[in-house]
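Here is the file start.tsv (TSV, C-alpha atoms).
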chain	number	residue	atom	x	y	z
I	1	MET	CA	0.00	0.00	0.00
I	2	ARG	CA	1.44	3.35	-1.00
I	3	HIS	CA	-0.49	5.50	1.48
I	4	VAL	CA	-1.12	4.54	5.09
I	5	HIS	CA	-2.70	6.06	8.18
I	6	SER	CA	-3.18	4.53	11.64
I	7	LEU	CA	-5.57	5.74	14.30
I	8	ARG	CA	-7.60	4.61	17.28
I	9	ILE	CA	-11.33	5.06	17.80
I	10	GLY	CA	-12.33	4.24	21.36
I	11	PRO	CA	-10.53	0.98	22.19
I	12	VAL	CA	-10.10	-0.10	18.56
I	13	GLY	CA	-6.97	0.55	16.52
I	14	PHE	CA	-7.05	0.68	12.71
I	15	ARG	CA	-4.42	0.77	10.01
I	16	ILE	CA	-5.78	1.99	6.69
I	17	GLY	CA	-3.77	1.52	3.54
I	18	SER	CA	-4.71	2.81	0.12
I	19	ASP	CA	-3.47	2.76	-3.43
I	20	TRP	CA	-4.48	6.43	-3.60
I	21	ARG	CA	-3.50	9.44	-1.58
I	22	ALA	CA	-6.82	11.31	-1.48
I	23	PRO	CA	-8.84	9.08	0.89
I	24	ILE	CA	-5.90	8.83	3.31
I	25	ASP	CA	-5.41	12.60	3.32
I	26	GLN	CA	-9.11	13.09	4.08
I	27	LEU	CA	-9.01	10.53	6.88
I	28	ARG	CA	-5.89	12.07	8.36
I	29	ALA	CA	-7.48	15.53	8.34
I	30	LEU	CA	-10.83	14.49	9.79
I	31	TYR	CA	-9.29	12.18	12.42
I	32	ARG	CA	-6.44	14.57	13.23
I	33	ASP	CA	-7.30	14.72	16.97
I	34	TYR	CA	-7.53	10.92	17.38
I	35	PRO	CA	-4.65	8.99	18.94
I	36	ALA	CA	-2.54	6.26	17.37
I	37	PRO	CA	-3.32	2.59	18.09
I	38	ARG	CA	-2.11	1.38	21.48
I	39	ASP	CA	1.55	0.34	21.32
I	40	GLY	CA	1.38	1.18	17.64
I	41	ILE	CA	-0.41	-2.09	16.90
I	42	ALA	CA	-3.71	-1.93	15.01
I	43	ASP	CA	-6.50	-4.40	15.76
I	44	PHE	CA	-7.69	-4.25	12.17
I	45	SER	CA	-6.12	-3.56	8.80
I	46	VAL	CA	-8.17	-2.01	6.06
I	47	ARG	CA	-7.09	-1.89	2.45
I	48	LEU	CA	-8.48	0.21	-0.35
I	49	PHE	CA	-7.05	-1.20	-3.49
I	50	ALA	CA	-7.57	-0.88	-7.20
I	51	ALA	CA	-10.04	-3.45	-8.46
I	52	ARG	CA	-7.67	-4.18	-11.37
I	53	PRO	CA	-4.09	-2.88	-11.43
I	54	TRP	CA	-4.74	-0.64	-14.44
I	55	ARG	CA	-7.87	0.83	-12.89
I	56	ARG	CA	-5.77	2.81	-10.49
I	57	VAL	CA	-5.11	5.23	-13.34
I	58	LEU	CA	-7.72	4.63	-16.01
I	59	ARG	CA	-10.98	4.74	-14.12
I	60	PRO	CA	-10.20	4.71	-10.44
I	61	SER	CA	-12.41	2.33	-8.53
I	62	ILE	CA	-11.90	1.16	-4.98
I	63	THR	CA	-12.33	-2.35	-3.69
I	64	LEU	CA	-12.49	-2.86	0.05
I	65	GLY	CA	-10.17	-5.32	1.64
I	66	GLY	CA	-9.09	-6.43	5.06
I	67	ASP	CA	-8.98	-9.45	7.28
I	68	PHE	CA	-12.72	-9.93	6.80
I	69	VAL	CA	-14.38	-9.37	3.45
I	70	LEU	CA	-17.85	-9.52	2.00
I	71	PRO	CA	-17.55	-11.11	-1.43
I	72	GLU	CA	-20.46	-9.12	-2.84
I	73	ALA	CA	-19.13	-5.72	-1.75
I	74	ALA	CA	-19.19	-3.61	-4.90
I	75	PRO	CA	-16.27	-1.35	-5.84
I	76	LEU	CA	-16.85	2.35	-5.16
I	77	PRO	CA	-15.62	5.22	-7.34
I	78	LEU	CA	-12.56	7.04	-6.05
I	79	ALA	CA	-14.64	10.17	-5.33
I	80	LEU	CA	-16.21	8.14	-2.52
I	81	GLY	CA	-12.85	7.08	-1.12
I	82	LEU	CA	-13.57	8.45	2.34
I	83	LEU	CA	-16.87	6.58	2.44
I	84	ALA	CA	-15.08	3.45	1.27
I	85	ALA	CA	-12.54	3.79	4.08
I	86	GLU	CA	-15.25	4.29	6.70
I	87	MET	CA	-17.26	1.34	5.37
I	88	ALA	CA	-14.19	-0.85	5.39
I	89	MET	CA	-13.36	0.10	8.99
I	90	ASN	CA	-16.94	-0.64	10.05
I	91	LEU	CA	-16.85	-3.95	8.25
I	92	GLN	CA	-13.63	-5.09	9.88
I	93	LEU	CA	-14.93	-4.27	13.33
I	94	ALA	CA	-18.43	-5.66	12.70
I	95	LEU	CA	-17.18	-9.00	11.43
I	96	GLY	CA	-13.92	-9.35	13.30
I	97	GLY	CA	-14.53	-7.86	16.73
I	98	ARG	CA	-14.56	-10.48	19.48
I	99	ARG	CA	-13.76	-8.58	22.63
I	100	TYR	CA	-17.07	-6.70	22.80
I	101	VAL	CA	-20.60	-7.52	21.78
I	102	LEU	CA	-21.05	-5.14	18.87
I	103	LEU	CA	-24.45	-3.53	18.78
I	104	HIS	CA	-25.51	-1.64	15.69
I	105	ALA	CA	-26.59	1.32	17.79
I	106	SER	CA	-25.76	4.88	18.63
I	107	SER	CA	-25.04	5.87	22.20
I	108	VAL	CA	-24.63	9.04	24.23
I	109	GLU	CA	-23.61	9.54	27.84
I	110	ARG	CA	-24.57	11.79	30.69
I	111	ASP	CA	-23.45	11.49	34.35
I	112	GLY	CA	-21.61	8.26	33.58
I	113	ARG	CA	-24.75	6.58	32.27
I	114	ALA	CA	-25.27	5.55	28.68
I	115	LEU	CA	-28.35	5.89	26.51
I	116	VAL	CA	-28.30	3.30	23.74
I	117	MET	CA	-30.43	3.73	20.59
I	118	THR	CA	-30.79	0.95	18.08
I	119	GLY	CA	-32.91	0.61	14.97
I	120	ILE	CA	-32.83	-0.10	11.28
I	121	SER	CA	-31.07	2.22	8.86
I	122	GLY	CA	-33.16	5.39	8.60
I	123	ALA	CA	-34.55	5.10	12.14
I	124	GLY	CA	-32.56	8.18	13.09
I	125	LYS	CA	-29.85	6.72	15.32
I	126	SER	CA	-27.10	8.96	13.98
I	127	THR	CA	-29.20	12.12	13.76
I	128	LEU	CA	-30.58	11.76	17.28
I	129	ALA	CA	-27.11	11.08	18.67
I	130	ALA	CA	-25.64	14.07	16.81
I	131	LEU	CA	-28.42	16.38	18.00
I	132	LEU	CA	-27.99	15.16	21.58
I	133	MET	CA	-24.25	15.85	21.23
I	134	ALA	CA	-25.17	19.39	20.13
I	135	ARG	CA	-27.24	19.66	23.32
I	136	GLY	CA	-24.34	18.79	25.58
I	137	TRP	CA	-24.47	15.01	25.82
I	138	ARG	CA	-21.22	13.14	25.35
I	139	LEU	CA	-21.37	11.32	22.02
I	140	MET	CA	-20.16	7.73	22.42
I	141	GLY	CA	-20.83	6.68	18.85
I	142	ASP	CA	-23.35	6.83	16.03
I	143	GLU	CA	-22.86	3.35	14.59
I	144	PHE	CA	-21.61	0.81	17.14
I	145	ALA	CA	-22.06	0.50	20.88
I	146	LEU	CA	-19.49	-1.88	22.35
I	147	LEU	CA	-20.90	-3.98	25.20
I	148	ASP	CA	-18.20	-5.44	27.44
I	149	PRO	CA	-19.22	-8.97	28.52
I	150	ALA	CA	-16.89	-8.80	31.52
I	151	THR	CA	-18.31	-5.62	33.06
I	152	GLY	CA	-21.67	-4.94	31.37
I	153	MET	CA	-20.38	-1.44	30.52
I	154	ILE	CA	-20.77	0.28	27.15
I	155	HIS	CA	-17.53	1.40	25.49
I	156	ALA	CA	-17.46	4.31	23.08
I	157	PHE	CA	-16.67	4.10	19.39
I	158	PRO	CA	-16.91	7.74	18.28
I	159	ARG	CA	-16.03	7.38	14.62
I	160	LEU	CA	-17.01	10.18	12.22
I	161	ILE	CA	-20.77	10.64	12.38
I	162	SER	CA	-22.32	9.56	9.11
I	163	LEU	CA	-25.09	12.03	8.25
I	164	LYS	CA	-27.46	11.13	5.46
I	165	ASN	CA	-29.79	13.15	3.26
I	166	GLU	CA	-32.00	15.56	5.26
I	167	SER	CA	-29.88	15.28	8.39
I	168	VAL	CA	-26.91	16.86	6.55
I	169	PRO	CA	-28.37	20.41	6.32
I	170	GLU	CA	-30.06	19.94	9.70
I	171	MET	CA	-26.76	19.27	11.45
I	172	GLU	CA	-25.00	22.02	9.46
I	173	ARG	CA	-27.57	24.40	10.99
I	174	ALA	CA	-27.39	22.86	14.48
I	175	LEU	CA	-23.58	22.87	14.61
I	176	PRO	CA	-22.38	25.68	12.30
I	177	HIS	CA	-18.88	25.63	13.78
I	178	ALA	CA	-18.36	21.88	13.69
I	179	ARG	CA	-15.97	20.20	11.28
I	180	PHE	CA	-17.51	18.31	8.39
I	181	GLY	CA	-16.07	16.07	5.69
I	182	PRO	CA	-16.77	16.64	2.00
I	183	LEU	CA	-20.39	16.39	0.88
I	184	MET	CA	-20.85	13.19	-1.12
I	185	PRO	CA	-24.15	13.84	-2.89
I	186	ASP	CA	-24.46	10.63	-4.86
I	187	THR	CA	-23.64	7.54	-2.80
I	188	PRO	CA	-25.54	4.23	-2.80
I	189	LYS	CA	-27.24	5.53	0.39
I	190	GLY	CA	-28.02	9.00	-0.96
I	191	ALA	CA	-26.19	12.15	0.15
I	192	ILE	CA	-23.65	11.56	2.91
I	193	ARG	CA	-21.54	14.02	4.84
I	194	HIS	CA	-19.38	13.11	7.82
I	195	LEU	CA	-19.43	15.16	11.01
I	196	VAL	CA	-16.41	15.11	13.30
I	197	PRO	CA	-17.43	14.31	16.92
I	198	ASP	CA	-16.82	17.24	19.25
I	199	ALA	CA	-13.75	17.60	21.46
I	200	ALA	CA	-15.55	16.19	24.53
I	201	ALA	CA	-16.45	13.00	22.65
I	202	ILE	CA	-12.86	12.48	21.50
I	203	ALA	CA	-11.30	13.40	24.86
I	204	ALA	CA	-13.48	10.88	26.75
I	205	MET	CA	-13.51	8.13	24.17
I	206	GLU	CA	-11.72	5.70	26.48
I	207	VAL	CA	-14.23	6.20	29.28
I	208	PRO	CA	-16.97	3.53	29.37
I	209	ALA	CA	-20.46	4.17	30.77
I	210	THR	CA	-23.08	2.13	32.58
I	211	PRO	CA	-26.05	1.45	30.30
I	212	ALA	CA	-29.19	3.05	31.77
I	213	LEU	CA	-31.78	3.10	28.98
I	214	ILE	CA	-32.23	1.34	25.63
I	215	LEU	CA	-34.38	3.06	23.02
I	216	PHE	CA	-35.70	1.57	19.80
I	217	PRO	CA	-36.49	4.68	17.72
I	218	ARG	CA	-38.60	4.82	14.57
I	219	PHE	CA	-38.71	7.99	12.48
I	220	GLY	CA	-41.74	9.22	10.57
I	221	PHE	CA	-44.60	8.21	12.87
I	222	GLU	CA	-46.80	10.01	15.36
I	223	ALA	CA	-44.99	10.49	18.67
I	224	ALA	CA	-45.45	7.42	20.86
I	225	ALA	CA	-43.56	5.44	23.48
I	226	ARG	CA	-44.09	1.79	24.38
I	227	PRO	CA	-42.20	-0.28	26.94
I	228	VAL	CA	-40.15	-3.13	25.46
I	229	GLY	CA	-39.92	-6.12	27.78
I	230	PRO	CA	-36.70	-8.03	28.35
I	231	SER	CA	-37.40	-10.85	25.88
I	232	GLU	CA	-38.34	-8.50	23.04
I	233	ALA	CA	-35.33	-6.31	23.80
I	234	PHE	CA	-33.16	-9.42	23.83
I	235	VAL	CA	-34.39	-10.52	20.40
I	236	ARG	CA	-33.99	-7.04	18.92
I	237	LEU	CA	-30.49	-6.66	20.32
I	238	THR	CA	-29.36	-10.06	19.05
I	239	GLN	CA	-30.59	-8.94	15.62
I	240	ALA	CA	-28.80	-5.61	16.04
I	241	SER	CA	-25.54	-7.34	16.95
I	242	THR	CA	-23.06	-8.06	14.18
I	243	ASN	CA	-21.12	-10.65	16.17
I	244	TYR	CA	-23.67	-12.25	18.52
I	245	THR	CA	-23.32	-15.70	16.99
I	246	ALA	CA	-19.56	-15.52	16.74
I	247	MET	CA	-19.24	-14.45	20.38
I	248	GLY	CA	-21.26	-17.44	21.58
I	249	GLU	CA	-22.07	-17.76	25.25
I	250	ARG	CA	-20.27	-14.54	26.24
I	251	ALA	CA	-22.71	-12.57	24.09
I	252	PHE	CA	-25.65	-14.55	25.48
I	253	GLY	CA	-24.60	-13.71	29.03
I	254	ALA	CA	-23.92	-10.07	28.19
I	255	LEU	CA	-27.23	-9.47	26.43
I	256	THR	CA	-29.45	-11.38	28.87
I	257	GLY	CA	-27.73	-9.42	31.65
I	258	LEU	CA	-28.23	-6.12	29.83
I	259	VAL	CA	-31.96	-6.59	29.20
I	260	GLY	CA	-32.44	-7.82	32.76
I	261	ARG	CA	-30.94	-4.64	34.23
I	262	VAL	CA	-31.80	-1.90	31.74
I	263	PRO	CA	-35.30	-0.78	30.68
I	264	GLY	CA	-36.19	-0.68	26.99
I	265	ILE	CA	-38.64	1.66	25.25
I	266	ALA	CA	-39.74	1.77	21.61
I	267	ILE	CA	-40.32	5.32	20.44
I	268	ASP	CA	-41.92	6.77	17.32
I	269	TYR	CA	-41.27	10.38	16.37
I	270	PRO	CA	-42.47	12.56	13.49
I	271	SER	CA	-39.59	15.09	13.49
I	272	THR	CA	-36.09	15.20	14.91
I	273	ALA	CA	-37.02	18.07	17.26
I	274	GLU	CA	-39.84	16.03	18.73
I	275	GLY	CA	-37.60	12.98	18.81
I	276	VAL	CA	-34.95	14.75	20.89
I	277	ALA	CA	-37.60	16.15	23.24
I	278	LEU	CA	-39.11	12.68	23.70
I	279	VAL	CA	-35.70	11.11	24.32
I	280	GLU	CA	-34.77	13.70	26.95
I	281	ARG	CA	-38.17	13.34	28.66
I	282	LEU	CA	-37.85	9.54	28.82
I	283	TRP	CA	-34.28	9.86	30.07
I	284	GLY	CA	-35.48	12.18	32.84
I	285	GLU	CA	-38.15	9.68	33.85
I	286	ALA	CA	-35.75	6.73	33.79
I	287	ALA	CA	-33.05	8.55	35.77
X	1	MET	CA	-54.03	-48.31	16.83
X	2	LEU	CA	-55.04	-48.21	20.44
X	3	ARG	CA	-54.02	-51.83	20.92
X	4	ASP	CA	-50.71	-51.18	19.14
X	5	ALA	CA	-50.00	-48.28	21.42
X	6	ARG	CA	-50.82	-50.27	24.53
X	7	HIS	CA	-48.73	-53.13	23.21
X	8	GLU	CA	-45.80	-50.78	22.72
X	9	ARG	CA	-46.06	-49.55	26.24
X	10	GLU	CA	-46.24	-53.06	27.63
X	11	GLU	CA	-43.10	-53.85	25.68
X	12	GLY	CA	-41.43	-50.83	27.22
X	13	ALA	CA	-40.94	-49.31	23.75
X	14	ALA	CA	-42.35	-45.88	24.61
X	15	PRO	CA	-39.29	-43.64	24.61
X	16	ARG	CA	-38.09	-42.12	27.83
X	17	TYR	CA	-36.70	-38.60	27.64
X	18	VAL	CA	-34.21	-36.75	29.77
X	19	ALA	CA	-33.15	-33.12	29.68
X	20	ALA	CA	-29.70	-32.27	28.38
X	21	ALA	CA	-27.21	-32.22	31.25
X	22	PRO	CA	-27.37	-28.99	33.30
X	23	ALA	CA	-23.83	-28.15	32.19
X	24	ALA	CA	-24.95	-28.30	28.55
X	25	LEU	CA	-27.46	-25.48	28.92
X	26	ARG	CA	-27.54	-21.96	30.24
X	27	ILE	CA	-31.07	-20.90	31.11
X	28	VAL	CA	-32.11	-17.31	31.84
X	29	ALA	CA	-35.74	-16.44	32.57
X	30	LEU	CA	-36.44	-13.05	30.91
X	31	ASP	CA	-40.19	-12.48	31.36
X	32	SER	CA	-42.92	-14.70	29.90
X	33	LEU	CA	-40.12	-16.06	27.70
X	34	THR	CA	-36.97	-17.86	28.74
X	35	ALA	CA	-33.67	-17.71	26.88
X	36	ILE	CA	-31.70	-20.95	26.66
X	37	PHE	CA	-28.15	-21.15	25.36
X	38	HIS	CA	-27.32	-24.63	24.08
X	39	ARG	CA	-23.60	-24.92	24.55
X	40	ALA	CA	-23.03	-27.83	22.18
X	41	SER	CA	-24.57	-26.08	19.17
X	42	GLY	CA	-24.01	-22.45	20.22
X	43	ILE	CA	-27.67	-21.82	19.40
X	44	THR	CA	-29.89	-19.53	21.46
X	45	HIS	CA	-33.49	-20.66	21.98
X	46	LEU	CA	-36.27	-18.42	23.18
X	47	VAL	CA	-39.01	-20.57	24.66
X	48	GLU	CA	-42.25	-20.08	26.50
X	49	SER	CA	-44.00	-22.12	29.13
X	50	PRO	CA	-44.12	-25.09	29.54
X	51	VAL	CA	-40.68	-25.72	28.04
X	52	PRO	CA	-38.70	-24.57	31.12
X	53	GLU	CA	-41.03	-26.65	33.30
X	54	LEU	CA	-40.53	-29.67	31.02
X	55	LEU	CA	-36.77	-29.35	31.22
X	56	ASP	CA	-36.99	-29.10	34.97
X	57	LEU	CA	-39.13	-32.24	35.30
X	58	LEU	CA	-36.98	-34.14	32.81
X	59	ARG	CA	-33.98	-34.06	35.08
X	60	GLU	CA	-35.07	-37.63	35.69
X	61	PRO	CA	-35.85	-39.74	32.61
X	62	MET	CA	-39.53	-40.47	31.92
X	63	THR	CA	-41.97	-41.23	29.15
X	64	ALA	CA	-44.37	-38.71	27.65
X	65	ASP	CA	-47.23	-40.31	29.61
X	66	ALA	CA	-45.41	-40.05	32.91
X	67	LEU	CA	-44.38	-36.50	32.12
X	68	LEU	CA	-47.96	-35.51	31.37
X	69	GLU	CA	-49.04	-36.94	34.70
X	70	ARG	CA	-46.38	-34.96	36.52
X	71	LEU	CA	-47.28	-31.77	34.63
X	72	ALA	CA	-50.99	-32.24	35.34
X	73	SER	CA	-50.37	-32.68	39.04
X	74	ALA	CA	-47.97	-29.73	39.30
X	75	TYR	CA	-49.75	-27.23	37.06
X	76	ASP	CA	-53.30	-26.38	36.09
X	77	MET	CA	-53.56	-27.83	32.61
X	78	ILE	CA	-56.59	-26.90	30.56
X	79	ASP	CA	-56.51	-29.76	28.13
X	80	PRO	CA	-53.78	-32.32	28.78
X	81	ASP	CA	-53.04	-34.13	25.55
X	82	VAL	CA	-50.24	-36.65	25.25
X	83	THR	CA	-50.13	-36.30	21.44
X	84	VAL	CA	-49.40	-32.58	21.68
X	85	LEU	CA	-46.86	-33.19	24.39
X	86	ALA	CA	-45.16	-35.85	22.25
X	87	GLU	CA	-44.88	-33.33	19.42
X	88	ARG	CA	-43.24	-30.78	21.73
X	89	LEU	CA	-40.85	-33.44	23.01
X	90	ALA	CA	-39.91	-34.38	19.45
X	91	GLU	CA	-39.13	-30.70	18.72
X	92	LEU	CA	-37.01	-30.36	21.83
X	93	GLU	CA	-35.19	-33.57	20.99
X	94	ALA	CA	-34.52	-32.31	17.45
X	95	VAL	CA	-32.73	-29.20	18.79
X	96	GLY	CA	-30.85	-31.12	21.47
X	97	LEU	CA	-32.50	-29.67	24.55
X	98	ILE	CA	-33.67	-33.17	25.57
X	99	GLU	CA	-32.55	-36.60	24.52
X	100	ARG	CA	-33.69	-40.20	24.76
X	101	ALA	CA	-32.69	-41.83	28.00
Would you encode the structure as structure tokens?
Amino acid sequence: MRHVHSLRIGPVGFRIGSDWRAPIDQLRALYRDYPAPRDGIADFSVRLFAARPWRRVLRPSITLGGDFVLPEAAPLPLALGLLAAEMAMNLQLALGGRRYVLLHASSVERDGRALVMTGISGAGKSTLAALLMARGWRLMGDEFALLDPATGMIHAFPRLISLKNESVPEMERALPHARFGPLMPDTPKGAIRHLVPDAAAIAAMEVPATPALILFPRFGFEAAARPVGPSEAFVRLTQASTNYTAMGERAFGALTGLVGRVPGIAIDYPSTAEGVALVERLWGEAA
Amino acid sequence: MLRDARHEREEGAAPRYVAAAPAALRIVALDSLTAIFHRASGITHLVESPVPELLDLLREPMTADALLERLASAYDMIDPDVTVLAERLAELEAVGLIERA
């Protein structure tokens, strides 16, 4: 690999190599305040390489590589190199992580207690987490919450926040002084722009939090809240975990313990403003 | 049919079942459902009553008939039916939560 950058997000170290300079320069700039992997050793290696050797020059197209690969992952054009790098890092962690139960969820922290939000793509996990960060919560992550089977604590993974479509202008308005990546208007998931987590999120990224509330948000419906019992929460969280099966009994113990201790609530919300208000009200009631 | 069944029982051919060894399972009651981790297969099962009760009773081997008797005496059963119970036992055997003694 001609171009390389190493960095750590929460407890996870990455080494990203690329045939091209541009994605690595973008990563280096956006992750400039993040530390290097512990002892200089990355947990995961990510490679962005030319799909065919000649494509590096003729019609640049990036194929994702690493220790764990999805055979059907389609090459992305070089203009989406940053997105490709982020996707590849997610993929390595999602498929290869064994130390933590990986929950496809966003999480924020207040007073040492974590609020975990999980839902399908488009449910508003990232947007709610970013808006809560703008309101003074500590962002722990917009994509993965790391559940430690040994302690039951949630560890942060504050990668760049991936904003999609309408949430891009909304967060540009909410955080006019924040740092953003380039706008990528035409990705397979629509318009994407990355938002750099604020200084508090980066400074505290090694500090875990005790999970206190699990929300299952759904965007685009009349405001409503419904308790989710332990067995339903358990099923939803196993589905939201990328490594539940691979982790075996440790994940079983961690998730049954989590749903036994922490209340779950499904929420519907028609707008992000109402969503944030509902989340903060429920948090106040649960605290 | 009835005579065949009785004949089988007299011959001792009715299968006796026993729960998988306690060390083979990890059982966590969640609410109305119970999560069971089957260590040998690594598969998680989410079951409702009376499966946890069945596993508990089947710590000692017994036939479906004997099990039904024990269930009926321990719990209020609306419509005890050995055929239905036998179907449940076959399902549990298929996933390894119980086995033939």
Output as a tab-separated table one row per residue of chain X within 10 Å of chain I: the closest atom pair and its distance in Å to one decimal place, counting only C-alpha atoms, sorted by chain and residue number ascending.
residue	atom	partner	partner_atom	distance
X:Arg26	CA	I:Glu249	CA	8.5
X:Ile27	CA	I:Gly253	CA	9.9
X:Val28	CA	I:Thr256	CA	7.1
X:Ala29	CA	I:Ser231	CA	8.9
X:Leu30	CA	I:Ser231	CA	5.6
X:Asp31	CA	I:Ser231	CA	6.4
X:Ser32	CA	I:Ser231	CA	7.8
X:Leu33	CA	I:Ser231	CA	6.2
X:Thr34	CA	I:Ser231	CA	7.6
X:Ala35	CA	I:Thr256	CA	7.9
X:Ile36	CA	I:Phe252	CA	8.9
X:Phe37	CA	I:Glu249	CA	7.0
X:His38	CA	I:Glu249	CA	8.7
X:Arg39	CA	I:Glu249	CA	7.4
X:Ser41	CA	I:Gly248	CA	9.6
X:Gly42	CA	I:Gly248	CA	5.9
X:Ile43	CA	I:Thr245	CA	7.9
X:Thr44	CA	I:Phe252	CA	7.7
X:Leu46	CA	I:Ser231	CA	8.1
X:Val47	CA	I:Ser231	CA	9.9
Keeping C-alpha atoms for every residue in the selection just given, could you write it to a file as a PDB file, keeping the file's coordinate frame?
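Result went into result32.pdb, see below:
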ATOM      1  CA  ARG X  26     -27.540 -21.960  30.240  1.00  0.00           C
ATOM      2  CA  ILE X  27     -31.070 -20.900  31.110  1.00  0.00           C
ATOM      3  CA  VAL X  28     -32.110 -17.310  31.840  1.00  0.00           C
ATOM      4  CA  ALA X  29     -35.740 -16.440  32.570  1.00  0.00           C
ATOM      5  CA  LEU X  30     -36.440 -13.050  30.910  1.00  0.00           C
ATOM      6  CA  ASP X  31     -40.190 -12.480  31.360  1.00  0.00           C
ATOM      7  CA  SER X  32     -42.920 -14.700  29.900  1.00  0.00           C
ATOM      8  CA  LEU X  33     -40.120 -16.060  27.700  1.00  0.00           C
ATOM      9  CA  THR X  34     -36.970 -17.860  28.740  1.00  0.00           C
ATOM     10  CA  ALA X  35     -33.670 -17.710  26.880  1.00  0.00           C
ATOM     11  CA  ILE X  36     -31.700 -20.950  26.660  1.00  0.00           C
ATOM     12  CA  PHE X  37     -28.150 -21.150  25.360  1.00  0.00           C
ATOM     13  CA  HIS X  38     -27.320 -24.630  24.080  1.00  0.00           C
ATOM     14  CA  ARG X  39     -23.600 -24.920  24.550  1.00  0.00           C
ATOM     15  CA  SER X  41     -24.570 -26.080  19.170  1.00  0.00           C
ATOM     16  CA  GLY X  42     -24.010 -22.450  20.220  1.00  0.00           C
ATOM     17  CA  ILE X  43     -27.670 -21.820  19.400  1.00  0.00           C
ATOM     18  CA  THR X  44     -29.890 -19.530  21.460  1.00  0.00           C
ATOM     19  CA  LEU X  46     -36.270 -18.420  23.180  1.00  0.00           C
ATOM     20  CA  VAL X  47     -39.010 -20.570  24.660  1.00  0.00           C
TER      21      VAL X  47
END
For Ala22 in chain I, find every residue with an atom within 9 Å (counting only C-alpha atoms), except residues of its own chain fewer than 3 positions away, and show them as a list in words.
Ser18, Asp25, Gln26, Leu27, Leu78, Ala79, Gly81 and Leu82 of chain I
Straight-line distance linking CA of Leu131 in chain I with CA of Val276 in chain I, stated in Å to one decimal:
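These atoms are spaced 7.3 Å apart.
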Would you compute the distance between CA of Ala201 in chain I and CA of Lys125 in chain I? Give it in Å to one decimal.
16.5 Å
Which one of I:Leu93, I:Ile41, I:Met87, I:Leu30 sits closest to Leu195 in chain I if you count all atoms listed in the file?
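Smallest separation from Leu195 in chain I among the options: I:Leu30.
With CA of Ser106 in chain I on one side and CA of Pro217 in chain I on the other, the separation reads 10.8 Å.
Shortest separation to His194 in chain I among I:Phe157, I:Phe49, I:Tyr31, I:Phe219 occurs at residue I:Tyr31, atoms counted being all atoms listed in the file.
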Identify, on the basis of all atoms listed in the file, every residue whose closest approach to Asp56 in chain X does not exceed 10 Å; exclude the query and any residue fewer than 5 positions from it along the same chain; express the result as an MDAnalysis selection string.
chainID X and resid 18:19 22 50:51
Which residue of X:Ala90, X:Val82, X:Leu67, X:Val95 approaches Leu54 in chain X most closely, using all atoms listed in the file:
X:Leu67
Which neighbours of Ala145 in chain I fall inside 9 Å, counting all atoms listed in the file, when residues of the same chain fewer than 6 positions from it are skipped, and could you give them as a PyMOL selection string?
chain I and resi 100-107+116-117+154-157
Would you mind listing what lies within 12 Å of Leu83 in chain I as a count of residues only, with only C-alpha atoms counted and same-chain residues fewer than 4 positions away left out?
37
When you look at Ile267 in chain I with a cut-off of 12 Å (counting all atoms listed in the file), what residues show up, excluding the ones that are within fewer than 5 positions of it in the same chain? I need them as a VMD selection string.
chain I and resid 117 to 119 123 to 125 214 to 228 274 to 282
Among listed residues X:Glu91, X:Leu25, X:Ser49, X:Pro15, nearest Met77 in chain X (using all atoms listed in the file)
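So, comparing all the options, the nearest one is X:Ser49.
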Which is closer to Leu58 in chain X than all the others in X:Ala86, X:Ala20, X:Ala14, X:Ala94, using all atoms listed in the file?
X:Ala20
Closest to Arg70 in chain X among X:Glu48, X:Glu53, X:Glu93, X:Glu87, using only C-alpha atoms?
X:Glu53
Per-axis box centre and lengths in Å around range 72-91 of chain X, 6 Å margin per side, axis-aligned, as AutoDock Vina command-line options:
--center_x -47.9 --center_y -31.5 --center_z 29.0 --size_x 29.5 --size_y 22.3 --size_z 32.6
Is there a way to complete range 37-44 of chain X with N, CA and C atoms and then write that out as a PDB file, in the frame of the given file?
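Result went into part16.pdb, see below:
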ATOM      1  N   PHE X  37     -29.335 -21.011  26.216  1.00  0.00           N
ATOM      2  CA  PHE X  37     -28.150 -21.150  25.360  1.00  0.00           C
ATOM      3  C   PHE X  37     -27.726 -22.610  25.388  1.00  0.00           C
ATOM      4  N   HIS X  38     -27.710 -23.225  24.213  1.00  0.00           N
ATOM      5  CA  HIS X  38     -27.320 -24.630  24.080  1.00  0.00           C
ATOM      6  C   HIS X  38     -25.846 -24.683  23.730  1.00  0.00           C
ATOM      7  N   ARG X  39     -25.050 -25.070  24.715  1.00  0.00           N
ATOM      8  CA  ARG X  39     -23.600 -24.920  24.550  1.00  0.00           C
ATOM      9  C   ARG X  39     -23.049 -25.757  23.398  1.00  0.00           C
ATOM     10  N   ALA X  40     -23.598 -26.945  23.209  1.00  0.00           N
ATOM     11  CA  ALA X  40     -23.030 -27.830  22.180  1.00  0.00           C
ATOM     12  C   ALA X  40     -23.191 -27.236  20.788  1.00  0.00           C
ATOM     13  N   SER X  41     -24.323 -26.609  20.514  1.00  0.00           N
ATOM     14  CA  SER X  41     -24.570 -26.080  19.170  1.00  0.00           C
ATOM     15  C   SER X  41     -24.276 -24.593  19.078  1.00  0.00           C
ATOM     16  N   GLY X  42     -24.186 -23.900  20.238  1.00  0.00           N
ATOM     17  CA  GLY X  42     -24.010 -22.450  20.220  1.00  0.00           C
ATOM     18  C   GLY X  42     -25.276 -21.720  19.823  1.00  0.00           C
ATOM     19  N   ILE X  43     -26.406 -22.430  19.845  1.00  0.00           N
ATOM     20  CA  ILE X  43     -27.670 -21.820  19.400  1.00  0.00           C
ATOM     21  C   ILE X  43     -28.445 -21.307  20.610  1.00  0.00           C
ATOM     22  N   THR X  44     -29.040 -20.120  20.430  1.00  0.00           N
ATOM     23  CA  THR X  44     -29.890 -19.530  21.460  1.00  0.00           C
ATOM     24  C   THR X  44     -31.348 -19.873  21.150  1.00  0.00           C
TER      25      THR X  44
END
